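See below for final_8.cif, which holds mmCIF, C-alpha atoms.
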```
data_coords
#
loop_
_atom_site.label_atom_id
_atom_site.label_comp_id
_atom_site.auth_asym_id
_atom_site.auth_seq_id
_atom_site.Cartn_x
_atom_site.Cartn_y
_atom_site.Cartn_z
CA MET A 1 69.14 88.38 -3.58
CA LYS A 2 71.24 87.32 -6.55
CA LEU A 3 74.54 85.50 -6.11
CA HIS A 4 77.29 87.28 -8.05
CA ILE A 5 80.48 85.67 -9.33
CA ARG A 6 82.58 88.07 -7.21
CA HIS A 7 81.13 86.50 -4.05
CA LEU A 8 82.69 83.17 -5.06
CA CYS A 9 86.13 84.47 -6.10
CA LEU A 10 87.77 84.46 -2.67
CA PRO A 11 86.52 80.99 -1.58
CA LEU A 12 87.44 79.45 -4.95
CA ALA A 13 90.90 81.06 -4.85
CA ILE A 14 91.55 79.67 -1.35
CA VAL A 15 90.43 76.18 -2.38
CA ALA A 16 92.63 76.25 -5.46
CA PHE A 17 95.61 77.48 -3.45
CA LEU A 18 95.21 74.75 -0.82
CA ALA A 19 94.77 72.08 -3.49
CA SER A 20 97.96 73.16 -5.25
CA SER A 21 99.78 73.09 -1.88
CA GLN A 22 98.65 69.53 -1.29
CA LYS A 23 99.90 68.53 -4.74
CA SER A 24 103.24 70.17 -4.00
CA LEU A 25 103.52 68.28 -0.73
CA ALA A 26 102.72 64.99 -2.48
CA ALA A 27 105.39 65.72 -5.07
CA GLU A 28 107.93 66.43 -2.33
CA ASN A 29 107.07 63.14 -0.64
CA GLN A 30 107.43 61.24 -3.90
CA GLN A 31 110.84 62.80 -4.63
CA SER A 32 112.08 62.06 -1.11
CA GLY A 33 110.83 58.47 -1.23
CA THR A 34 108.24 58.95 1.54
CA GLN A 35 104.68 57.73 1.09
CA PRO A 36 101.43 58.83 2.72
CA GLN A 37 100.86 56.74 5.83
CA SER A 38 97.67 54.93 6.81
CA ASP A 39 95.39 56.05 9.63
CA GLU A 40 96.67 53.22 11.82
CA VAL A 41 100.27 54.38 11.52
CA SER A 42 99.31 58.03 12.13
CA LYS A 43 97.50 57.13 15.34
CA ASP A 44 100.59 55.41 16.66
CA LYS A 45 102.65 58.57 16.19
CA VAL A 46 100.16 61.06 17.66
CA ASN A 47 99.49 61.43 21.37
CA LEU A 48 95.72 61.90 21.58
CA VAL A 49 95.75 62.84 25.27
CA PRO A 50 94.89 66.57 25.63
CA LYS A 51 97.34 68.89 27.37
CA VAL A 52 95.91 71.03 30.18
CA HIS A 53 97.56 74.26 31.33
CA GLY A 54 96.39 77.14 33.46
CA THR A 55 97.21 80.41 35.17
CA VAL A 56 95.86 81.77 38.45
CA ARG A 57 96.51 85.48 39.07
CA ALA A 58 95.44 86.93 42.43
CA ARG A 59 96.12 90.58 43.27
CA TRP A 60 95.77 93.42 45.72
CA GLU A 61 95.80 96.99 44.48
CA MET A 62 95.42 100.43 46.02
CA ASP A 63 94.55 103.79 44.52
CA THR A 64 97.19 105.98 46.15
CA LYS A 65 95.24 109.23 45.69
CA GLY A 66 92.06 108.29 47.53
CA GLY A 67 93.28 105.28 49.50
CA GLU A 68 90.68 102.87 48.08
CA ASN A 69 91.91 99.30 47.70
CA ARG A 70 90.64 95.87 46.71
CA PHE A 71 91.49 92.19 46.29
CA ALA A 72 90.63 90.41 43.04
CA VAL A 73 91.17 87.20 41.12
CA ARG A 74 92.23 88.76 37.87
CA ASN A 75 92.51 85.44 36.04
CA ALA A 76 91.73 81.78 36.59
CA ARG A 77 92.53 80.77 33.03
CA VAL A 78 92.58 77.17 31.78
CA SER A 79 93.54 75.92 28.33
CA ILE A 80 93.20 72.54 26.62
CA SER A 81 95.22 71.71 23.52
CA GLY A 82 96.11 68.62 21.54
CA GLU A 83 96.32 66.82 18.23
CA ILE A 84 94.04 64.33 16.50
CA ALA A 85 96.55 63.72 13.69
CA GLN A 86 99.99 65.01 12.83
CA PRO A 87 98.66 67.92 10.72
CA ILE A 88 95.54 68.68 12.81
CA ASP A 89 95.49 70.35 16.24
CA TYR A 90 93.06 72.29 18.42
CA TYR A 91 93.03 74.79 21.29
CA ILE A 92 90.35 75.83 23.81
CA GLN A 93 90.88 78.51 26.46
CA THR A 94 88.47 79.83 29.09
CA ASP A 95 88.87 82.37 31.87
CA PHE A 96 86.76 80.99 34.72
CA CYS A 97 87.23 84.12 36.82
CA ASP A 98 88.16 87.47 35.29
CA GLN A 99 87.33 89.73 38.25
CA GLY A 100 84.29 87.57 38.97
CA LYS A 101 83.20 87.00 35.35
CA MET A 102 83.60 83.93 33.14
CA LYS A 103 84.81 84.41 29.56
CA ILE A 104 85.31 81.92 26.73
CA LEU A 105 88.43 83.29 25.02
CA ASP A 106 89.66 80.86 22.38
CA ALA A 107 88.18 77.88 20.56
CA TRP A 108 89.84 76.91 17.31
CA GLY A 109 91.03 74.07 15.12
CA ARG A 110 93.97 74.14 12.72
CA VAL A 111 95.10 72.10 9.72
CA SER A 112 98.68 72.11 8.42
CA PHE A 113 98.58 71.53 4.66
CA THR A 114 102.37 71.66 4.48
CA LYS A 115 105.10 72.32 7.03
CA ARG A 116 104.77 76.03 6.22
CA LEU A 117 101.09 76.55 5.32
CA ARG A 118 98.31 76.40 7.94
CA LEU A 119 94.58 77.15 8.04
CA GLN A 120 92.98 78.06 11.38
CA GLY A 121 89.28 78.56 12.06
CA GLY A 122 87.25 79.45 15.14
CA GLN A 123 87.53 82.11 17.84
CA PHE A 124 90.94 83.62 18.59
CA ARG A 125 92.92 86.83 18.79
CA LEU A 126 93.19 88.76 15.53
CA PRO A 127 96.70 88.58 14.02
CA PHE A 128 97.66 92.16 14.81
CA GLY A 129 99.93 93.68 17.46
CA THR A 130 102.61 92.43 19.86
CA ASP A 131 101.93 93.21 23.53
CA CYS A 132 98.30 92.07 23.24
CA PHE A 133 99.47 88.50 22.55
CA ARG A 134 101.01 88.11 25.99
CA GLY A 135 98.91 86.10 28.42
CA PRO A 136 98.64 86.45 32.22
CA GLY A 137 101.40 83.89 32.66
CA THR A 138 103.86 85.80 30.46
CA TYR A 139 103.24 89.42 31.50
CA PHE A 140 106.21 91.58 32.38
CA PHE A 141 103.97 94.00 34.35
CA SER A 142 100.84 93.66 36.44
CA ASN A 143 98.81 95.40 33.75
CA HIS A 144 98.95 95.41 29.96
CA SER A 145 100.15 98.49 28.13
CA PHE A 146 97.39 100.82 26.89
CA ILE A 147 97.95 99.37 23.42
CA GLY A 148 97.53 95.77 24.56
CA GLY A 149 94.80 96.30 27.15
CA ILE A 150 92.60 99.05 25.72
CA MET A 151 93.34 99.96 22.12
CA ASN A 152 94.01 96.51 20.68
CA ASN A 153 92.43 93.87 22.90
CA VAL A 154 90.51 92.19 20.08
CA ARG A 155 89.41 88.59 19.63
CA GLY A 156 87.08 87.54 16.85
CA VAL A 157 85.37 84.64 15.11
CA GLY A 158 86.76 83.82 11.71
CA ALA A 159 89.56 82.10 9.83
CA LYS A 160 93.16 82.85 8.95
CA LEU A 161 95.96 81.50 6.78
CA SER A 162 99.57 81.53 7.98
CA TYR A 163 102.73 80.85 6.00
CA THR A 164 106.34 80.60 7.12
CA PHE A 165 108.93 81.38 4.46
CA PRO A 166 112.06 79.27 4.14
CA THR A 167 115.04 81.26 5.37
CA SER A 168 118.67 80.62 6.16
CA GLY A 169 120.65 81.02 9.36
CA SER A 170 118.90 82.45 12.41
CA SER A 171 116.29 84.49 10.50
CA LEU A 172 112.62 83.57 10.12
CA LEU A 173 109.76 85.30 8.28
CA SER A 174 106.11 84.47 8.88
CA LEU A 175 102.90 85.98 7.51
CA GLU A 176 99.32 85.52 8.69
CA ALA A 177 96.06 87.09 7.57
CA GLY A 178 92.41 86.44 8.16
CA ALA A 179 88.77 87.51 7.90
CA PHE A 180 86.43 87.79 10.88
CA ASN A 181 82.89 88.69 11.92
CA PRO A 182 82.75 92.40 12.76
CA THR A 183 80.32 91.74 15.64
CA SER A 184 81.12 90.83 19.23
CA MET A 185 82.68 87.40 19.72
CA ALA A 186 79.88 86.66 22.18
CA ASP A 187 77.31 86.66 19.33
CA HIS A 188 77.94 84.29 16.40
CA ASN A 189 74.39 84.43 15.07
CA VAL A 190 74.42 87.79 13.26
CA TRP A 191 74.40 87.97 9.45
CA VAL A 192 76.49 90.84 8.06
CA LYS A 193 77.57 92.30 4.73
CA GLU A 194 80.86 93.77 5.91
CA MET A 195 83.74 91.83 7.43
CA ALA A 196 86.73 92.62 9.63
CA PHE A 197 90.24 91.82 8.36
CA ALA A 198 93.67 91.64 9.98
CA GLY A 199 97.17 90.64 8.98
CA LYS A 200 100.61 90.49 10.55
CA ALA A 201 104.20 89.95 9.44
CA LEU A 202 106.92 88.85 11.88
CA TRP A 203 110.59 88.82 10.93
CA THR A 204 113.00 87.26 13.41
CA ILE A 205 116.70 88.04 12.93
CA GLY A 206 118.73 86.42 15.67
CA GLU A 207 117.85 88.22 18.90
CA VAL A 208 115.65 90.83 17.18
CA LYS A 209 111.97 90.53 16.26
CA ILE A 210 110.36 93.05 13.92
CA ALA A 211 106.57 92.97 13.57
CA ALA A 212 104.14 94.97 11.44
CA GLY A 213 100.41 94.66 10.99
CA ALA A 214 97.24 96.11 9.49
CA GLU A 215 93.67 95.77 10.72
CA THR A 216 90.24 97.04 9.72
CA LEU A 217 87.23 96.72 12.04
CA ILE A 218 83.58 97.84 12.21
CA PRO A 219 82.58 97.68 15.90
CA ASP A 220 79.34 99.57 15.23
CA SER A 221 78.84 101.46 11.96
CA VAL A 222 82.17 103.27 11.44
CA ARG A 223 85.11 101.40 9.96
CA ILE A 224 88.37 101.80 11.88
CA ASN A 225 91.65 101.19 10.03
CA SER A 226 94.76 100.51 12.12
CA LEU A 227 98.49 100.11 11.56
CA THR A 228 101.07 98.89 14.05
CA GLY A 229 104.77 98.16 14.28
CA SER A 230 107.13 96.89 16.97
CA VAL A 231 110.75 95.95 17.59
CA THR A 232 111.82 93.52 20.34
CA TRP A 233 115.42 92.75 21.33
CA THR A 234 116.28 89.98 23.77
CA HIS A 235 119.83 89.38 24.93
CA GLY A 236 120.49 87.13 27.89
CA GLY A 237 118.23 88.36 30.69
CA LEU A 238 117.53 91.72 29.02
CA THR A 239 114.42 92.47 26.94
CA LEU A 240 113.82 95.83 25.25
CA GLU A 241 110.67 96.56 23.25
CA GLY A 242 108.96 99.46 21.53
CA GLU A 243 105.52 99.39 19.88
CA TYR A 244 103.40 102.00 18.09
CA LEU A 245 99.73 101.88 17.03
CA ASN A 246 97.68 104.25 14.86
CA LYS A 247 93.88 104.09 14.53
CA HIS A 248 92.10 106.05 11.80
CA TYR A 249 88.31 106.53 11.90
CA THR A 250 86.73 106.81 8.43
CA ASN A 251 84.71 109.85 7.41
CA LYS A 252 86.40 111.83 10.21
CA ALA A 253 84.01 110.26 12.72
CA HIS A 254 86.64 110.71 15.47
CA LYS A 255 90.11 112.15 15.67
CA ALA A 256 92.82 109.59 14.88
CA ALA A 257 94.18 107.81 17.97
CA HIS A 258 97.82 106.99 18.68
CA GLY A 259 99.28 104.53 21.18
CA TYR A 260 102.90 103.89 22.16
CA ASN A 261 104.71 101.57 24.54
CA VAL A 262 108.42 101.31 25.45
CA PHE A 263 109.69 99.00 28.18
CA ALA A 264 112.76 97.24 29.56
CA ASP A 265 112.95 94.06 31.63
CA TYR A 266 116.10 92.59 33.15
CA GLY A 267 116.15 89.22 34.86
CA PHE A 268 118.92 87.40 36.70
CA PRO A 269 119.31 84.19 38.75
CA VAL A 270 119.00 84.33 42.53
CA LYS A 271 118.83 81.98 45.51
CA ALA A 272 116.03 83.11 47.81
CA GLY A 273 114.39 80.07 49.34
CA ILE A 274 112.55 78.29 46.57
CA PHE A 275 112.76 81.28 44.23
CA ASN A 276 115.47 81.10 41.56
CA ARG A 277 115.02 84.25 39.45
CA ALA A 278 114.49 87.96 40.03
CA SER A 279 113.75 90.74 37.55
CA VAL A 280 113.19 94.50 37.43
CA GLN A 281 110.98 96.35 34.96
CA ALA A 282 110.39 99.89 33.74
CA ARG A 283 107.87 101.13 31.18
CA PHE A 284 106.62 104.32 29.57
CA ASP A 285 103.38 104.10 27.60
CA GLY A 286 100.59 106.40 26.52
CA MET A 287 97.62 107.01 24.27
CA THR A 288 95.73 109.94 22.78
CA ALA A 289 91.95 110.30 23.11
CA TYR A 290 90.48 106.98 21.99
CA SER A 291 87.06 105.81 20.83
CA SER A 292 86.13 102.13 20.81
CA GLY A 293 83.96 102.76 17.74
CA ASN A 294 80.54 102.62 19.39
CA ARG A 295 77.98 105.40 18.89
CA ASN A 296 76.19 107.39 21.58
CA ASP A 297 72.48 108.24 21.70
CA GLU A 298 73.07 110.95 19.09
CA GLY A 299 74.54 108.44 16.65
CA LYS A 300 78.08 109.80 16.93
CA LEU A 301 81.35 108.31 18.13
CA PHE A 302 82.54 109.50 21.51
CA THR A 303 85.79 109.31 23.47
CA ASP A 304 85.73 106.23 25.73
CA TYR A 305 89.23 106.77 27.13
CA ALA A 306 90.85 110.14 27.78
CA ALA A 307 94.42 110.86 26.67
CA ARG A 308 97.00 109.75 29.22
CA ASN A 309 100.62 108.79 29.80
CA ARG A 310 102.02 106.43 32.41
CA VAL A 311 105.32 105.45 34.00
CA THR A 312 105.49 101.99 35.56
CA VAL A 313 108.28 100.51 37.68
CA GLY A 314 108.33 97.14 39.38
CA GLY A 315 110.09 94.00 40.45
CA THR A 316 109.34 90.27 40.26
CA LEU A 317 110.60 87.29 42.24
CA SER A 318 110.05 83.98 40.44
CA TYR A 319 110.23 80.24 40.83
CA ILE A 320 110.69 78.59 37.43
CA TYR A 321 110.97 74.86 36.81
CA LYS A 322 110.35 73.41 33.36
CA PHE A 323 106.82 74.50 32.34
CA VAL A 324 105.61 75.58 35.80
CA ARG A 325 106.17 79.01 37.28
CA CYS A 326 105.27 81.21 40.25
CA ASP A 327 105.72 85.00 40.31
CA LEU A 328 105.52 87.45 43.20
CA ARG A 329 105.20 90.86 41.54
CA LEU A 330 105.04 94.40 42.92
CA SER A 331 104.57 97.44 40.70
CA TYR A 332 103.76 101.14 40.91
CA GLU A 333 101.99 103.11 38.16
CA LYS A 334 102.19 106.90 37.88
CA TYR A 335 99.61 108.48 35.53
CA PHE A 336 99.65 111.81 33.69
CA TYR A 337 96.32 113.21 32.43
CA HIS A 338 95.29 116.55 30.96
CA HIS A 339 94.20 119.02 33.64
CA ASP A 340 90.49 118.76 32.73
CA ALA A 341 90.30 114.95 32.74
CA VAL A 342 87.90 113.16 35.09
CA VAL A 343 89.81 110.18 36.50
CA PRO A 344 87.72 107.31 37.96
CA VAL A 345 88.95 105.34 40.96
CA GLY A 346 91.48 102.78 39.78
CA ASP A 347 92.48 104.67 36.65
CA GLY A 348 95.05 106.83 38.45
CA ASP A 349 98.23 106.30 40.44
CA LYS A 350 98.23 102.89 42.10
CA VAL A 351 100.25 100.13 43.71
CA CYS A 352 99.64 96.53 42.65
CA ALA A 353 100.89 93.29 44.26
CA GLU A 354 100.31 89.97 42.53
CA LEU A 355 100.72 86.25 43.05
CA VAL A 356 100.80 84.42 39.73
CA VAL A 357 100.87 80.62 39.47
CA LYS A 358 101.29 79.04 36.04
CA PHE A 359 101.12 75.30 35.35
#
```
Let's see the structure in the file written out as C-alpha cells.
Amino acid sequence: MKLHIRHLCLPLAIVAFLASSQKSLAAENQQSGTQPQSDEVSKDKVNLVPKVHGTVRARWEMDTKGGENRFAVRNARVSISGEIAQPIDYYIQTDFCDQGKMKILDAWGRVSFTKRLRLQGGQFRLPFGTDCFRGPGTYFFSNHSFIGGIMNNVRGVGAKLSYTFPTSGSSLLSLEAGAFNPTSMADHNVWVKEMAFAGKALWTIGEVKIAAGAETLIPDSVRINSLTGSVTWTHGGLTLEGEYLNKHYTNKAHKAAHGYNVFADYGFPVKAGIFNRASVQARFDGMTAYSSGNRNDEGKLFTDYAARNRVTVGGTLSYIYKFVRCDLRLSYEKYFYHHDAVVPVGDGDKVCAELVVKF
C-alpha cells in the first residue's frame, strides 16, 4: 500500500502548531523576564505523590409493577491522578464493581504546551455532551438521563487537543476536539481505515454554561453523526439544565433518534445528625427509538431501545466536608412507553434507594 502525502498532512500540521505554540511560550517568558527552569527546580515545585479518590455506590431497587427487587453495588470506582512535572499530568480510573463486573474506564496522560493549549492521549470519554460527564459521585439522580446513560455513554481510545480562549470578566470559552478508534475501547489491537471524531465547545457566562458538540462514530459499519446542545444555570442552591441530542444514521440505515433531558435540583443546608445538606430533584427526559449502530443477522441496524419518556422525582440527604461526601438518596421513576412496547423487568416504573460514599 502506497503512502500518500494526504496521510501526513494532519500529523505534520499538529506538530507545526505545537512547535509554534512552544516558541510563543518561550517568547512570552523572555518578555516577562522568566527563564526555563532546570529539572531539579521543577521537581521541587511538583508533588509527585499520586492522589487517590473513589466512590462506592450501593443500592436497592424495586420494579413496582411486578414487585421484583434487588440489591447491587452499582459502582466501586477508584481513580489515581498526579503530576510528574508542572505541564504533565495523568489520570487512571477503574470501576472494580459495576454490578459485579470490573471495567477500566480511563487511562490518559496530558501535556500542557501553554497555559491554554493541552494535548491528551489515551482512553477517556469523548468530548461530547453534558450529562454523560457526571460521575457516580456527582449525580443528581440515581440513574443517568437517557442521553447520558444510553444514547451518549461513549469512551474511546485516541487523542484530543483543548484550548481555552482568553476572556474578560466572568466569561470563559473552551474548545476541545479529538480523533479516536471506532472500535470498542476494550480492543486496542484492531487496524482500521475510518476514525471516530468528536468536538465540544463550552462557554461559561457567570452562572450560565452553554455547551454544543458534534460527534461522528462507526460502531459497526454505519456512520452515525450526532449533534448536541445544553444550557445549565446555577444560582445558589438551584440548578436548572436542559439538553438535546440528535443522532443521524447515514444512508437511512435507521430513523434519526432524538433525546432530551430537563431537570431541576434545589439544595439547602440542614442540621440532621451528621448530615448538613438536603436537596430535592425533578426531571423529565425521553428518547425516540434508538439503535446503537450494530447490525443484526440480516446485516441491518435494529432498534436496541424502544421510544420512552420518564418523570423522576427524588430527595437526597448529604454529609459534605471538604472533598468527602456521603449521600442518602431516594427516587421514583415513572415511565411512559408506546402501547405495543415490550418492557423488561427493571426498565419500567421503579423505586431506588442509594447510599453513596465519595472520598
Would you compute the box with edges along x, y and z of the file around stretch 102-113 of chain A, including every atom the file lists for it and 5 Å extra on each side, and give its centre and edge lengths in Å to one decimal, as AutoDock Vina command-line options?
```
--center_x 91.1 --center_y 78.0 --center_z 18.9 --size_x 25.1 --size_y 22.9 --size_z 38.5
```
Practice prompt. Tell me which residues the PyMOL selection byres ((chain A and resi 130) around 9) grabs here, as a ChimeraX atom specification.
Written response: /A:128-129,131-134,148,211-212,228-230,243
Record the distance separating atom CA of A:Asp187 and atom CA of A:Gln93, expressed in Å with one decimal.
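Computing it gives 17.4 Å between the two atoms.
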message = Starting from the PyMOL selection byres ((chain A and resi 276-286) around 8), expand the selection into actual residues of this file and give them as JSON, numbers by chain.
response = {"A": [140, 141, 145, 146, 259, 260, 261, 262, 263, 264, 265, 266, 267, 268, 269, 270, 271, 272, 273, 274, 275, 287, 288, 307, 308, 309, 310, 311, 312, 313, 314, 315, 316, 317, 318, 319, 320]}
Margin query: Could you tell me how far atom CA of A:Phe323 sits from atom CA of A:Leu161, in Å to one decimal place?
Written below: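 Between atom CA of A:Leu161 and atom CA of A:Phe323 the gap works out to 28.6 Å.
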>> Running the PyMOL selection byres ((chain A and resi 359) around 6) on this model by hand, what would come out? Give it as a ChimeraX atom specification.
In response: /A:53-54,324,358
From A:Tyr321, A:Trp60, A:Phe96, A:Phe180, residue lying nearest A:Arg77 [only C-alpha atoms]:
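Selected residue with least distance to A:Arg77: A:Phe96.
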